[in-house]
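Enquirer: Below is the file run_39.csv, which contains CSV, C-alpha atoms and all ligand atoms.
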```csv
chain,number,residue,atom,x,y,z
A,1,THR,CA,18.7,-7.3,10.3
A,2,ALA,CA,18.1,-3.6,11.2
A,3,GLU,CA,14.9,-3.5,9.2
A,4,LEU,CA,11.7,-2.6,11.0
A,5,LEU,CA,9.6,-4.8,8.7
A,6,GLU,CA,10.7,-7.7,6.6
A,7,ALA,CA,8.2,-9.7,4.5
A,8,ARG,CA,9.4,-12.7,2.6
A,9,ASP,CA,7.7,-14.6,-0.3
A,10,LEU,CA,4.2,-13.8,1.0
A,11,ALA,CA,1.4,-15.7,-0.8
A,12,ARG,CA,-2.3,-15.7,0.0
A,13,SER,CA,-5.2,-17.3,-1.8
A,14,TYR,CA,-9.0,-17.0,-1.4
A,15,MET,CA,-11.8,-19.2,-2.4
A,16,MET,CA,-14.2,-17.3,-4.6
A,17,HIS,CA,-17.6,-18.1,-6.0
A,18,ARG,CA,-17.8,-17.5,-9.7
A,19,GLY,CA,-20.5,-17.6,-12.3
A,20,PHE,CA,-24.1,-18.4,-11.9
A,21,LEU,CA,-23.4,-22.0,-11.2
A,22,GLY,CA,-21.6,-20.8,-8.1
A,23,ARG,CA,-18.4,-22.8,-8.8
A,24,THR,CA,-15.6,-22.0,-6.4
A,25,THR,CA,-12.2,-21.2,-7.6
A,26,GLN,CA,-9.0,-20.4,-5.8
A,27,VAL,CA,-7.8,-16.9,-6.4
A,28,ARG,CA,-4.2,-16.1,-5.6
A,29,ALA,CA,-4.4,-12.5,-4.4
A,30,VAL,CA,-0.8,-12.2,-3.4
A,31,ASP,CA,1.7,-14.4,-5.2
A,32,GLY,CA,5.2,-14.2,-3.8
A,33,VAL,CA,5.7,-10.6,-2.4
A,34,SER,CA,8.8,-9.7,-0.6
A,35,LEU,CA,9.3,-6.2,0.9
A,36,SER,CA,11.2,-4.5,3.6
A,37,LEU,CA,10.8,-1.2,5.4
A,38,SER,CA,13.2,0.7,7.7
A,39,ARG,CA,12.4,3.1,10.5
A,40,GLY,CA,11.8,6.6,9.2
A,41,GLU,CA,11.1,5.2,5.7
A,42,THR,CA,7.9,5.4,3.7
A,43,LEU,CA,7.3,2.7,1.1
A,44,GLY,CA,4.6,3.5,-1.5
A,45,LEU,CA,2.7,0.5,-2.8
A,46,VAL,CA,0.9,1.2,-6.1
A,47,GLY,CA,-1.2,-0.6,-8.7
A,48,GLU,CA,-4.7,-0.9,-10.0
A,49,SER,CA,-7.5,-2.2,-7.7
A,50,GLY,CA,-7.4,-6.0,-7.4
A,51,CYS,CA,-3.6,-6.2,-7.7
A,52,GLY,CA,-3.2,-7.4,-4.1
A,53,LYS,CA,-2.1,-4.1,-2.4
A,54,SER,CA,-4.7,-4.3,0.4
A,55,THR,CA,-4.1,-8.0,1.0
A,56,THR,CA,-0.4,-7.3,1.3
A,57,ALA,CA,-1.1,-4.7,3.9
A,58,ARG,CA,-3.2,-7.1,5.9
A,59,LEU,CA,-0.6,-9.8,5.7
A,60,VAL,CA,2.1,-7.4,6.8
A,61,LEU,CA,0.0,-6.4,9.9
A,62,GLY,CA,-0.7,-10.1,10.7
A,63,ILE,CA,-4.5,-9.4,10.4
A,64,GLU,CA,-4.5,-12.4,8.1
A,65,PRO,CA,-1.9,-15.2,8.1
A,66,PRO,CA,-0.1,-15.8,4.8
A,67,ASP,CA,-0.5,-19.2,3.2
A,68,GLU,CA,3.2,-19.1,2.4
A,69,GLY,CA,6.1,-16.8,3.5
A,70,ALA,CA,6.8,-15.0,6.7
A,71,VAL,CA,6.7,-11.5,8.2
A,72,THR,CA,9.3,-10.3,10.7
A,73,PHE,CA,8.6,-7.1,12.7
A,74,ASP,CA,11.5,-5.5,14.5
A,75,GLY,CA,13.3,-8.8,14.6
A,76,THR,CA,10.4,-10.9,15.8
A,77,ALA,CA,8.5,-13.4,13.7
A,78,MET,CA,4.9,-12.2,13.4
A,79,PRO,CA,2.8,-14.3,15.8
A,80,ARG,CA,-0.6,-15.6,14.9
A,81,SER,CA,-3.4,-13.0,15.1
A,82,GLY,CA,-5.5,-13.2,18.2
A,83,THR,CA,-2.6,-14.4,20.4
A,84,SER,CA,-1.3,-12.2,23.3
A,85,ASN,CA,2.1,-11.9,21.6
A,86,TRP,CA,0.4,-10.5,18.5
A,87,ALA,CA,-1.6,-8.0,20.5
A,88,ALA,CA,1.6,-6.8,22.1
A,89,LEU,CA,3.1,-6.2,18.6
A,90,ARG,CA,-0.1,-4.9,17.2
A,91,ARG,CA,-0.1,-1.7,19.3
A,92,ARG,CA,3.2,-0.9,17.6
A,93,MET,CA,1.6,-1.2,14.2
A,94,GLN,CA,-1.5,0.8,13.4
A,95,MET,CA,-3.6,1.2,10.3
A,96,VAL,CA,-5.4,4.1,8.6
A,97,TYR,CA,-8.2,3.0,6.3
A,98,GLN,CA,-9.8,4.6,3.3
A,99,ASP,CA,-13.1,5.7,4.6
A,100,PRO,CA,-13.0,7.5,7.9
A,101,LEU,CA,-16.8,7.4,8.4
A,102,GLN,CA,-16.7,3.6,8.2
A,103,ALA,CA,-13.7,3.4,10.4
A,104,LEU,CA,-15.4,5.4,13.2
A,105,ASP,CA,-18.3,4.5,15.4
A,106,LYS,CA,-21.2,7.0,15.1
A,107,ARG,CA,-22.3,6.3,18.7
A,108,LEU,CA,-19.0,7.3,20.3
A,109,THR,CA,-17.3,10.6,20.7
A,110,ILE,CA,-14.1,11.4,18.9
A,111,GLY,CA,-12.2,11.6,22.2
A,112,ALA,CA,-13.4,8.1,23.2
A,113,GLN,CA,-12.4,6.7,19.9
A,114,VAL,CA,-9.0,8.3,19.8
A,115,ALA,CA,-8.4,6.8,23.3
A,116,GLU,CA,-9.6,3.4,22.3
A,117,PRO,CA,-6.1,1.8,21.5
A,118,LEU,CA,-4.9,3.0,24.9
A,119,ASP,CA,-7.9,1.4,26.6
A,120,ILE,CA,-7.5,-1.9,24.6
A,121,HIS,CA,-3.9,-2.2,25.4
A,122,ARG,CA,-4.3,-0.9,29.0
A,123,ILE,CA,-1.8,1.9,28.6
A,124,GLY,CA,-1.5,4.6,31.3
A,125,THR,CA,-3.8,5.9,34.0
A,126,SER,CA,-7.1,7.6,32.9
A,127,ALA,CA,-5.4,11.0,33.5
A,128,GLU,CA,-2.5,10.0,31.4
A,129,ARG,CA,-4.8,8.8,28.7
A,130,ARG,CA,-6.7,12.0,28.6
A,131,GLU,CA,-3.4,13.9,28.3
A,132,ARG,CA,-2.2,11.7,25.5
A,133,VAL,CA,-5.4,12.0,23.6
A,134,ALA,CA,-5.4,15.8,23.9
A,135,ALA,CA,-1.7,15.9,22.7
A,136,VAL,CA,-2.3,13.6,19.7
A,137,MET,CA,-5.4,15.5,18.7
A,138,ALA,CA,-3.5,18.7,18.7
A,139,GLU,CA,-0.7,17.0,16.6
A,140,VAL,CA,-3.2,16.2,13.8
A,141,GLY,CA,-4.7,19.6,13.9
A,142,LEU,CA,-8.0,18.9,15.8
A,143,GLN,CA,-9.3,21.4,18.4
A,144,PRO,CA,-9.9,20.3,22.0
A,145,HIS,CA,-13.7,20.8,21.5
A,146,HIS,CA,-13.7,18.1,18.8
A,147,ALA,CA,-13.2,15.5,21.5
A,148,ALA,CA,-16.8,15.7,22.6
A,149,ARG,CA,-18.2,15.6,19.1
A,150,HIS,CA,-19.5,12.6,17.2
A,151,PRO,CA,-18.1,11.6,13.7
A,152,GLN,CA,-21.2,12.8,11.8
A,153,SER,CA,-20.8,16.3,13.0
A,154,LEU,CA,-17.2,16.6,11.6
A,155,SER,CA,-16.1,17.2,8.1
A,156,GLY,CA,-14.5,14.4,6.1
A,157,GLY,CA,-11.0,15.9,6.6
A,158,GLN,CA,-11.5,16.2,10.4
A,159,ARG,CA,-12.8,12.6,10.5
A,160,GLN,CA,-9.7,11.4,8.8
A,161,ARG,CA,-7.6,13.4,11.2
A,162,ALA,CA,-9.4,11.7,14.0
A,163,VAL,CA,-8.7,8.3,12.5
A,164,ILE,CA,-5.0,9.2,12.2
A,165,ALA,CA,-4.9,10.5,15.8
A,166,ARG,CA,-6.4,7.1,16.9
A,167,ALA,CA,-3.7,5.3,14.9
A,168,LEU,CA,-0.9,7.4,16.4
A,169,VAL,CA,-2.1,7.5,20.0
A,170,THR,CA,0.1,4.5,21.0
A,171,ASN,CA,3.1,5.9,19.2
A,172,PRO,CA,3.4,3.1,16.7
A,173,ASP,CA,6.6,2.1,15.0
A,174,LEU,CA,4.8,1.3,11.8
A,175,LEU,CA,1.8,3.0,10.2
A,176,VAL,CA,0.0,1.3,7.4
A,177,CYS,CA,-2.2,3.6,5.3
A,178,ASP,CA,-4.6,1.9,2.8
A,179,GLU,CA,-5.8,4.6,0.3
A,180,PRO,CA,-5.9,7.2,3.2
A,181,ILE,CA,-6.9,10.1,1.0
A,182,SER,CA,-9.0,8.6,-1.8
A,183,ALA,CA,-12.3,9.0,0.0
A,184,LEU,CA,-11.6,12.7,0.8
A,185,ASP,CA,-12.5,15.8,-1.1
A,186,VAL,CA,-9.7,16.8,-3.5
A,187,SER,CA,-9.4,20.1,-1.7
A,188,ILE,CA,-8.3,18.4,1.5
A,189,GLN,CA,-6.3,15.5,0.1
A,190,ALA,CA,-3.1,17.6,0.0
A,191,LEU,CA,-3.6,18.7,3.7
A,192,VAL,CA,-4.0,15.2,4.9
A,193,LEU,CA,-1.1,14.0,2.8
A,194,ASN,CA,1.1,16.8,4.2
A,195,LEU,CA,0.0,15.9,7.7
A,196,LEU,CA,1.0,12.2,7.2
A,197,MET,CA,4.4,13.3,5.8
A,198,ASP,CA,5.0,15.6,8.7
A,199,LEU,CA,3.9,13.1,11.4
A,200,GLN,CA,6.1,10.4,9.8
A,201,GLU,CA,9.1,12.7,9.7
A,202,ARG,CA,8.7,13.8,13.3
A,203,SER,CA,8.1,10.4,14.8
A,204,GLY,CA,10.5,8.4,12.7
A,205,MET,CA,8.0,5.6,12.2
A,206,GLY,CA,8.0,3.4,9.2
A,207,MET,CA,5.1,3.9,6.8
A,208,LEU,CA,3.5,1.7,4.2
A,209,PHE,CA,1.4,3.9,2.0
A,210,VAL,CA,-1.0,1.9,-0.2
A,211,SER,CA,-2.6,3.9,-3.0
A,212,HIS,CA,-3.5,4.0,-6.6
A,213,ASP,CA,-2.8,7.8,-6.6
A,214,LEU,CA,0.7,8.0,-8.2
A,215,ARG,CA,1.1,11.7,-7.5
A,216,ALA,CA,0.4,11.3,-3.8
A,217,VAL,CA,2.7,8.3,-3.7
A,218,ARG,CA,5.5,10.2,-5.4
A,219,GLN,CA,5.2,13.0,-3.0
A,220,ILE,CA,5.1,11.0,0.2
A,221,SER,CA,7.3,7.9,-0.5
A,222,HIS,CA,11.1,7.3,-0.1
A,223,ARG,CA,10.7,4.1,-2.1
A,224,VAL,CA,8.0,2.8,-4.4
A,225,ALA,CA,6.9,-0.7,-5.3
A,226,VAL,CA,4.5,-1.3,-8.3
A,227,MET,CA,2.2,-4.4,-8.0
A,228,TYR,CA,0.5,-6.3,-10.8
A,229,LEU,CA,-1.7,-9.3,-10.2
A,230,GLY,CA,-0.2,-10.2,-6.8
A,231,ARG,CA,3.4,-9.5,-7.5
A,232,ILE,CA,5.8,-6.6,-7.3
A,233,VAL,CA,7.0,-5.9,-10.8
A,234,GLU,CA,9.2,-2.9,-10.2
A,235,GLU,CA,10.7,-1.2,-7.1
A,236,GLY,CA,13.0,1.8,-6.6
A,237,GLU,CA,13.2,5.5,-5.9
A,238,PRO,CA,10.0,7.4,-6.6
A,239,ASP,CA,11.6,9.8,-9.1
A,240,ALA,CA,13.1,6.9,-11.0
A,241,VAL,CA,10.1,4.5,-11.0
A,242,LEU,CA,7.4,7.1,-11.4
A,243,GLN,CA,9.3,9.2,-14.0
A,244,ASP,CA,11.3,6.7,-15.9
A,245,PRO,CA,9.7,3.3,-15.3
A,246,ALA,CA,11.5,0.2,-16.6
A,247,HIS,CA,8.6,-2.3,-16.5
A,248,PRO,CA,6.1,-2.0,-19.4
A,249,TYR,CA,3.2,-2.1,-16.9
A,250,ALA,CA,4.7,0.7,-14.8
A,251,GLN,CA,5.3,2.6,-18.0
A,252,ALA,CA,1.6,2.3,-18.9
A,253,LEU,CA,0.5,3.3,-15.5
A,254,VAL,CA,2.7,6.4,-15.4
A,255,SER,CA,1.9,7.4,-18.9
A,256,ALA,CA,-1.8,7.6,-18.0
A,257,ILE,CA,-1.2,10.5,-15.6
A,258,PRO,CA,-1.9,13.7,-17.3
A,259,HIS,CA,0.4,16.6,-16.5
A,260,PRO,CA,1.2,19.9,-18.2
A,261,GLY,CA,4.1,20.1,-20.5
A,262,LYS,CA,4.4,16.3,-20.8
A,263,THR,CA,5.9,15.2,-24.0
A,264,ALA,CA,6.2,11.4,-23.6
A,265,ALA,CA,3.7,9.3,-25.5
A,266,ARG,CA,0.9,7.6,-23.8
A,267,VAL,CA,1.1,3.8,-23.7
A,268,ILE,CA,-2.3,2.2,-24.4
A,269,LEU,CA,-2.9,-1.1,-22.8
A,270,GLN,CA,-4.6,-3.8,-24.8
A,271,GLY,CA,-6.6,-6.7,-23.4
A,272,ASP,CA,-8.7,-7.1,-20.2
A,273,PRO,CA,-7.9,-5.5,-16.9
A,274,PRO,CA,-6.2,-7.8,-14.5
A,275,ASN,CA,-8.3,-10.6,-12.9
A,276,PRO,CA,-6.7,-12.6,-10.1
A,277,ALA,CA,-9.1,-15.5,-10.8
A,278,ASN,CA,-7.7,-15.8,-14.3
A,279,ARG,CA,-4.0,-15.4,-14.0
A,280,PRO,CA,-2.1,-15.7,-17.3
A,281,SER,CA,0.9,-18.0,-17.5
A,282,GLY,CA,4.5,-16.8,-17.5
A,283,CYS,CA,4.6,-13.0,-17.0
A,284,ALA,CA,1.0,-12.3,-15.9
A,285,PHE,CA,1.1,-9.0,-17.8
A,286,HIS,CA,1.9,-10.7,-21.2
A,287,PRO,CA,-1.6,-10.5,-22.7
A,288,ARG,CA,-1.6,-6.7,-22.3
A,289,CYS,CA,2.1,-6.0,-22.8
A,290,PRO,CA,3.0,-4.1,-26.0
A,291,VAL,CA,6.5,-5.7,-26.1
A,292,ALA,CA,5.7,-9.3,-25.0
A,293,THR,CA,7.9,-12.0,-26.5
A,294,ALA,CA,7.3,-15.8,-26.7
A,295,THR,CA,9.4,-16.3,-23.5
A,296,CYS,CA,7.0,-14.0,-21.6
A,297,ARG,CA,4.1,-16.5,-22.1
A,298,THR,CA,6.0,-19.3,-20.4
A,299,GLU,CA,8.6,-18.0,-18.1
A,300,VAL,CA,7.8,-16.0,-14.9
A,301,PRO,CA,10.2,-13.0,-14.7
A,302,VAL,CA,12.1,-12.6,-11.4
A,303,LEU,CA,12.2,-9.3,-9.6
A,304,LYS,CA,16.0,-8.5,-9.5
A,305,PRO,CA,18.3,-5.5,-10.0
A,306,ARG,CA,18.9,-4.5,-13.6
A,307,ARG,CA,22.6,-4.7,-14.6
A,308,SER,CA,22.7,-1.2,-16.1
A,309,ASP,CA,21.4,0.9,-13.2
A,310,GLY,CA,20.4,-1.4,-10.3
A,311,ARG,CA,16.7,-0.8,-10.8
A,312,ARG,CA,14.7,-3.7,-9.4
A,313,VAL,CA,12.4,-4.9,-12.1
A,314,ALA,CA,10.6,-8.2,-13.1
A,315,CYS,CA,10.7,-8.2,-16.9
A,316,HIS,CA,12.6,-10.3,-19.4
A,317,VAL,CA,12.8,-7.4,-21.9
A,318,ALA,CA,13.9,-4.8,-19.3
A,319,HIS,CA,16.7,-7.1,-18.3
A,320,GLY,CA,17.7,-7.6,-21.9
A,321,GLU,CA,17.0,-11.3,-21.7
A,322,ALA,CA,14.6,-11.2,-24.5
A,323,ALA,CA,14.3,-8.8,-27.5
A,324,PRO,CA,10.9,-6.9,-27.7
A,325,ALA,CA,8.7,-8.7,-30.2
A,326,ARG,CA,7.5,-5.5,-31.8
A,327,ALA,CA,7.6,-1.8,-31.3
A,328,PRO,CA,5.5,-0.5,-28.3
A,329,THR,CA,2.0,0.5,-29.2
A,330,MET,CA,2.1,4.3,-28.7
A,331,LEU,CA,-0.3,7.1,-29.1
A,332,GLU,CA,0.7,10.7,-29.0
A,333,THR,CA,-1.2,12.7,-26.4
B,1,LIG,FE1,6.1,-7.6,-21.0
B,1,LIG,FE2,7.5,-9.8,-21.1
B,1,LIG,FE3,8.3,-7.8,-19.6
B,1,LIG,FE4,6.1,-9.2,-18.9
B,1,LIG,S1,8.2,-10.0,-19.0
B,1,LIG,S2,6.3,-7.1,-18.8
B,1,LIG,S3,5.3,-9.6,-20.9
B,1,LIG,S4,8.1,-7.8,-21.8
B,2,MG,MG,-7.7,-2.0,-1.9
```
Could you spell out this file's structure in structure tokens?
Ligand code: SF4
Ligand code: MG

Expert:
Amino acid sequence: TAELLEARDLARSYMMHRGFLGRTTQVRAVDGVSLSLSRGETLGLVGESGCGKSTTARLVLGIEPPDEGAVTFDGTAMPRSGTSNWAALRRRMQMVYQDPLQALDKRLTIGAQVAEPLDIHRIGTSAERRERVAAVMAEVGLQPHHAARHPQSLSGGQRQRAVIARALVTNPDLLVCDEPISALDVSIQALVLNLLMDLQERSGMGMLFVSHDLRAVRQISHRVAVMYLGRIVEEGEPDAVLQDPAHPYAQALVSAIPHPGKTAARVILQGDPPNPANRPSGCAFHPRCPVATATCRTEVPVLKPRRSDGRRVACHVAHGEAAPARAPTMLET
């Protein structure tokens, strides 16, 4: 296919110690995720913490192997991490993490760290590397004199610009951003978001933007996928999914964003927050779902296009396959 990235039925479990007896249980962090991404496209991946967003990002990059499923990057099956084939692909896929201070080494200058991927992948002569580093630093809005500085002497926004410069220095085809603005001051979040949009548009790379910030995701994404307990429950255009969601969980998530002039009622979720170690049967959302039916407790809903408008959603009620058990629990805001 012409897709840049294709992930099919990814599953990943971890062993986790639980309780004071230290019993280990298997936790299914990602449970059958399929997604695709084209060149020039930004896919926003949203959901609460623990829903499997970050694990999905690592599986997509091949940093971790999936237990089940497969990832194809630009027509090539993702090689095992650590192999030379993987290293060759890896320079075409880069990652921007949440906390720039953690992502950077305090002992090294910004210039040296931005150059790192070129060194690792042995790209260019040292003169060419210097030139590329200067160019990419200018692209992200850093000054030439920042190259000689250390991370501690830069502001949070400048540090994240340096992390982005390092990710882009190899001209990647895919950029994976995991909560790239959530560790930044609110005042500079918009600047970094606009920078990412601008860079993505100019380079035509594909971008996977993982975040719990629905407003940022709506602004930056061409397509949005909502995750709940390791699965994608709804997927579509940002304006559709984030303004008029079809899945009851997405409805609750969206209704929680305050904004002026909003008239829609706020959906209050009942029950415990999602816990991958204790995954409910059937639709994993059923203990918290205001419209759950008996079917929801036993049958896993499949993510598929809705007949009426083609929206991809995994919900028995949204597909009209089960009548809502009772009226949604609503509270006027
Ligand atoms: Fe709610 Fe049932 Fe839809 Fe799950 S399948 S979101 S429990 S209505
Ligand atoms: Mg995370």

Enquirer: Work out how far CA of Ile110 (chain A) is from CA of Gln160 (chain A), in Å to one decimal.

Expert: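 So the two atoms, CA of Gln160 (chain A) and CA of Ile110 (chain A), lie 11.0 Å apart.
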
Enquirer: Select from chain A every residue with an atom at most 9 Å from any atom of ligand LIG 1 (chain B), then for each give the shortest pair of atoms and their distance in Å to one decimal, using all atoms listed in the file, rows by chain and rising number, as CSV.

Expert:
```
residue,atom,partner,partner_atom,distance
A:Val233,CA,B:LIG1,S2,8.1
A:His247,CA,B:LIG1,S2,5.8
A:Pro248,CA,B:LIG1,S2,5.1
A:Tyr249,CA,B:LIG1,S2,6.2
A:Ala250,CA,B:LIG1,S2,8.9
A:Gly282,CA,B:LIG1,S1,7.9
A:Cys283,CA,B:LIG1,FE4,4.5
A:Ala284,CA,B:LIG1,FE4,6.7
A:Phe285,CA,B:LIG1,FE4,5.1
A:His286,CA,B:LIG1,S3,3.6
A:Pro287,CA,B:LIG1,S3,7.2
A:Arg288,CA,B:LIG1,S3,7.6
A:Cys289,CA,B:LIG1,FE1,4.7
A:Pro290,CA,B:LIG1,FE1,6.8
A:Val291,CA,B:LIG1,S4,5.0
A:Ala292,CA,B:LIG1,S3,4.1
A:Thr293,CA,B:LIG1,FE2,5.8
A:Ala294,CA,B:LIG1,FE2,8.2
A:Thr295,CA,B:LIG1,FE2,7.2
A:Cys296,CA,B:LIG1,FE2,4.3
A:Arg297,CA,B:LIG1,S3,7.1
A:Glu299,CA,B:LIG1,S1,8.1
A:Val300,CA,B:LIG1,S1,7.3
A:Pro301,CA,B:LIG1,S1,5.6
A:Val302,CA,B:LIG1,S1,8.9
A:Ala314,CA,B:LIG1,S1,6.6
A:Cys315,CA,B:LIG1,FE3,3.6
A:His316,CA,B:LIG1,S1,4.4
A:Val317,CA,B:LIG1,S4,4.7
A:Ala318,CA,B:LIG1,FE3,6.4
A:His319,CA,B:LIG1,FE3,8.5
A:Ala322,CA,B:LIG1,S4,7.8
A:Ala323,CA,B:LIG1,S4,8.5
A:Pro324,CA,B:LIG1,S4,6.6
A:Ala325,CA,B:LIG1,S4,8.5
```

Enquirer: Determine the nearest neighbour of ligand MG 2 (chain B) from the options A:Val210, A:Ala225, A:Ala70, A:Ala216, counting only C-alpha atoms and all ligand atoms.

Expert: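 Counting only C-alpha atoms and all ligand atoms, the residue closest to ligand MG 2 (chain B) is A:Val210.
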
Enquirer: Within 7 Å of ligand MG 2 (chain B) (counting all atoms listed in the file), which residues show up? I'd like them as a PDB file with C-alpha atoms, in the coordinates of the input.

Expert:
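Wrote selection_1.pdb, looks like this:
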```
ATOM      1  CA  SER A  49      -7.500  -2.200  -7.700  1.00  0.00           C
ATOM      2  CA  GLY A  50      -7.400  -6.000  -7.400  1.00  0.00           C
ATOM      3  CA  LYS A  53      -2.100  -4.100  -2.400  1.00  0.00           C
ATOM      4  CA  SER A  54      -4.700  -4.300   0.400  1.00  0.00           C
ATOM      5  CA  ASP A 178      -4.600   1.900   2.800  1.00  0.00           C
TER       6      ASP A 178
END
```

Enquirer: Would you list the contacts of Val163 (chain A) as a list in words, taking every protein, DNA or RNA residue within 7 Å and counting all atoms listed in the file, but skipping same-chain residues closer than 3 positions in sequence?

Expert: Val96, Pro100, Arg159, Gln160, Arg166 and Ala167 of chain A

Enquirer: Restricting it to C-alpha atoms, dump the selection as a short mmCIF file (atom, residue, chain, number, x, y, z; two decimals), in the coordinates of the input.

Expert:
```cif
data_model
loop_
_atom_site.label_atom_id
_atom_site.label_comp_id
_atom_site.auth_asym_id
_atom_site.auth_seq_id
_atom_site.Cartn_x
_atom_site.Cartn_y
_atom_site.Cartn_z
CA VAL A 96 -5.40 4.10 8.60
CA PRO A 100 -13.00 7.50 7.90
CA ARG A 159 -12.80 12.60 10.50
CA GLN A 160 -9.70 11.40 8.80
CA ARG A 166 -6.40 7.10 16.90
CA ALA A 167 -3.70 5.30 14.90
#
```

Enquirer: Between A:Leu108, A:Ile181, A:Leu253, A:Val176, which has the minimum distance to Arg90 (chain A) (counting all atoms listed in the file)?

Expert: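 Of all the options, A:Val176 lies closest to Arg90 (chain A).
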
Enquirer: Which residues, protein or nucleic acid, reach to within 12 Å of (-7.6, -13.0, -16.2) in the file's coordinates when using only C-alpha atoms, and can you give that as a list in words?

Expert: Val27, Arg28, Gly50, Cys51, Tyr228, Leu229, Gly271, Asp272, Pro273, Pro274, Asn275, Pro276, Ala277, Asn278, Arg279, Pro280, Ser281, Ala284, Phe285, His286, Pro287 and Arg288 of chain A

Enquirer: For Arg12 (chain A), which residue out of A:Thr42, A:Arg231, A:Leu214, A:Pro79 is the nearest one, using only C-alpha atoms?

Expert: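 Between A:Thr42, A:Arg231, A:Leu214, A:Pro79, the residue approaching Arg12 (chain A) most closely is A:Arg231.
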
Enquirer: Could you check the closest approach to Val71 (chain A) for each of A:Arg58, A:Arg306, A:Arg202, A:Arg218 and tell me which residue wins, using all atoms listed in the file?

Expert: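 Counting all atoms listed in the file, the residue closest to Val71 (chain A) is A:Arg58.
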
Enquirer: Please compute the CA of Val254 (chain A)-CA of Val313 (chain A) distance, one decimal, in Å.

Expert: 15.3 Å

Enquirer: So, with all atoms listed in the file as the atoms that count, which of A:Asn171, A:Gln219, A:Ser182, A:Gln102 lies closest to Ser203 (chain A)?

Expert: A:Asn171

Enquirer: Could you jot down the CA of Leu45 (chain A) to CA of Glu235 (chain A) separation for me, Å, one decimal place?

Expert: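 Separating CA of Leu45 (chain A) from CA of Glu235 (chain A) is a distance of 9.2 Å.
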
Enquirer: Counting all atoms listed in the file, which of A:Leu43, A:Ile220, A:Val114, A:Leu101 gets nearest to Gln152 (chain A)?

Expert: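 Nearest candidate to Gln152 (chain A) out of A:Leu43, A:Ile220, A:Val114, A:Leu101: A:Leu101.
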
Enquirer: Kindly list the centre and edge lengths in Å, rounded to one decimal, for the axis-aligned box that covers all listed atoms of region 71-76 of chain A plus 5 Å on each of its six sides, as JSON.

Expert:
```
{"center_x": 10.0, "center_y": -8.5, "center_z": 12.0, "size_x": 16.6, "size_y": 16.0, "size_z": 17.6}
```

Enquirer: Would you tabulate, counting all atoms listed in the file, all residues of region 157-241 of chain A that have an atom at most 12 Å from an atom of region 120-142 of chain A, showing the closest pair of atoms and their distance in Å to one decimal, sorted by chain then ascending number, as CSV?

Expert:
```
residue,atom,partner,partner_atom,distance
A:Gly157,CA,A:Leu142,CA,10.1
A:Gln158,CA,A:Leu142,CA,7.0
A:Arg159,CA,A:Leu142,CA,9.5
A:Gln160,CA,A:Val140,CA,9.5
A:Arg161,CA,A:Val140,CA,5.8
A:Ala162,CA,A:Met137,CA,7.2
A:Val163,CA,A:Val140,CA,9.7
A:Ile164,CA,A:Val140,CA,7.4
A:Ala165,CA,A:Val136,CA,5.6
A:Arg166,CA,A:Val136,CA,8.2
A:Ala167,CA,A:Val136,CA,9.7
A:Leu168,CA,A:Val136,CA,7.2
A:Val169,CA,A:Val136,CA,6.1
A:Thr170,CA,A:Ile123,CA,8.3
A:Asn171,CA,A:Val136,CA,9.4
A:Leu191,CA,A:Gly141,CA,10.3
A:Val192,CA,A:Val140,CA,9.0
A:Leu193,CA,A:Val140,CA,11.4
A:Asn194,CA,A:Val140,CA,10.5
A:Leu195,CA,A:Val140,CA,6.9
A:Leu196,CA,A:Val140,CA,8.8
A:Met197,CA,A:Val140,CA,11.4
A:Asp198,CA,A:Val140,CA,9.7
A:Leu199,CA,A:Glu139,CA,8.0
A:Gln200,CA,A:Glu139,CA,11.7
A:Arg202,CA,A:Glu139,CA,10.5
A:Ser203,CA,A:Glu139,CA,11.1
```

Enquirer: Would you export the selected residues with C-alpha atoms as a PDB file, in the frame of the given file, please?

Expert:
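Final output, selection.pdb:
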```
ATOM      1  CA  GLY A 157     -11.000  15.900   6.600  1.00  0.00           C
ATOM      2  CA  GLN A 158     -11.500  16.200  10.400  1.00  0.00           C
ATOM      3  CA  ARG A 159     -12.800  12.600  10.500  1.00  0.00           C
ATOM      4  CA  GLN A 160      -9.700  11.400   8.800  1.00  0.00           C
ATOM      5  CA  ARG A 161      -7.600  13.400  11.200  1.00  0.00           C
ATOM      6  CA  ALA A 162      -9.400  11.700  14.000  1.00  0.00           C
ATOM      7  CA  VAL A 163      -8.700   8.300  12.500  1.00  0.00           C
ATOM      8  CA  ILE A 164      -5.000   9.200  12.200  1.00  0.00           C
ATOM      9  CA  ALA A 165      -4.900  10.500  15.800  1.00  0.00           C
ATOM     10  CA  ARG A 166      -6.400   7.100  16.900  1.00  0.00           C
ATOM     11  CA  ALA A 167      -3.700   5.300  14.900  1.00  0.00           C
ATOM     12  CA  LEU A 168      -0.900   7.400  16.400  1.00  0.00           C
ATOM     13  CA  VAL A 169      -2.100   7.500  20.000  1.00  0.00           C
ATOM     14  CA  THR A 170       0.100   4.500  21.000  1.00  0.00           C
ATOM     15  CA  ASN A 171       3.100   5.900  19.200  1.00  0.00           C
ATOM     16  CA  LEU A 191      -3.600  18.700   3.700  1.00  0.00           C
ATOM     17  CA  VAL A 192      -4.000  15.200   4.900  1.00  0.00           C
ATOM     18  CA  LEU A 193      -1.100  14.000   2.800  1.00  0.00           C
ATOM     19  CA  ASN A 194       1.100  16.800   4.200  1.00  0.00           C
ATOM     20  CA  LEU A 195       0.000  15.900   7.700  1.00  0.00           C
ATOM     21  CA  LEU A 196       1.000  12.200   7.200  1.00  0.00           C
ATOM     22  CA  MET A 197       4.400  13.300   5.800  1.00  0.00           C
ATOM     23  CA  ASP A 198       5.000  15.600   8.700  1.00  0.00           C
ATOM     24  CA  LEU A 199       3.900  13.100  11.400  1.00  0.00           C
ATOM     25  CA  GLN A 200       6.100  10.400   9.800  1.00  0.00           C
ATOM     26  CA  ARG A 202       8.700  13.800  13.300  1.00  0.00           C
ATOM     27  CA  SER A 203       8.100  10.400  14.800  1.00  0.00           C
TER      28      SER A 203
END
```
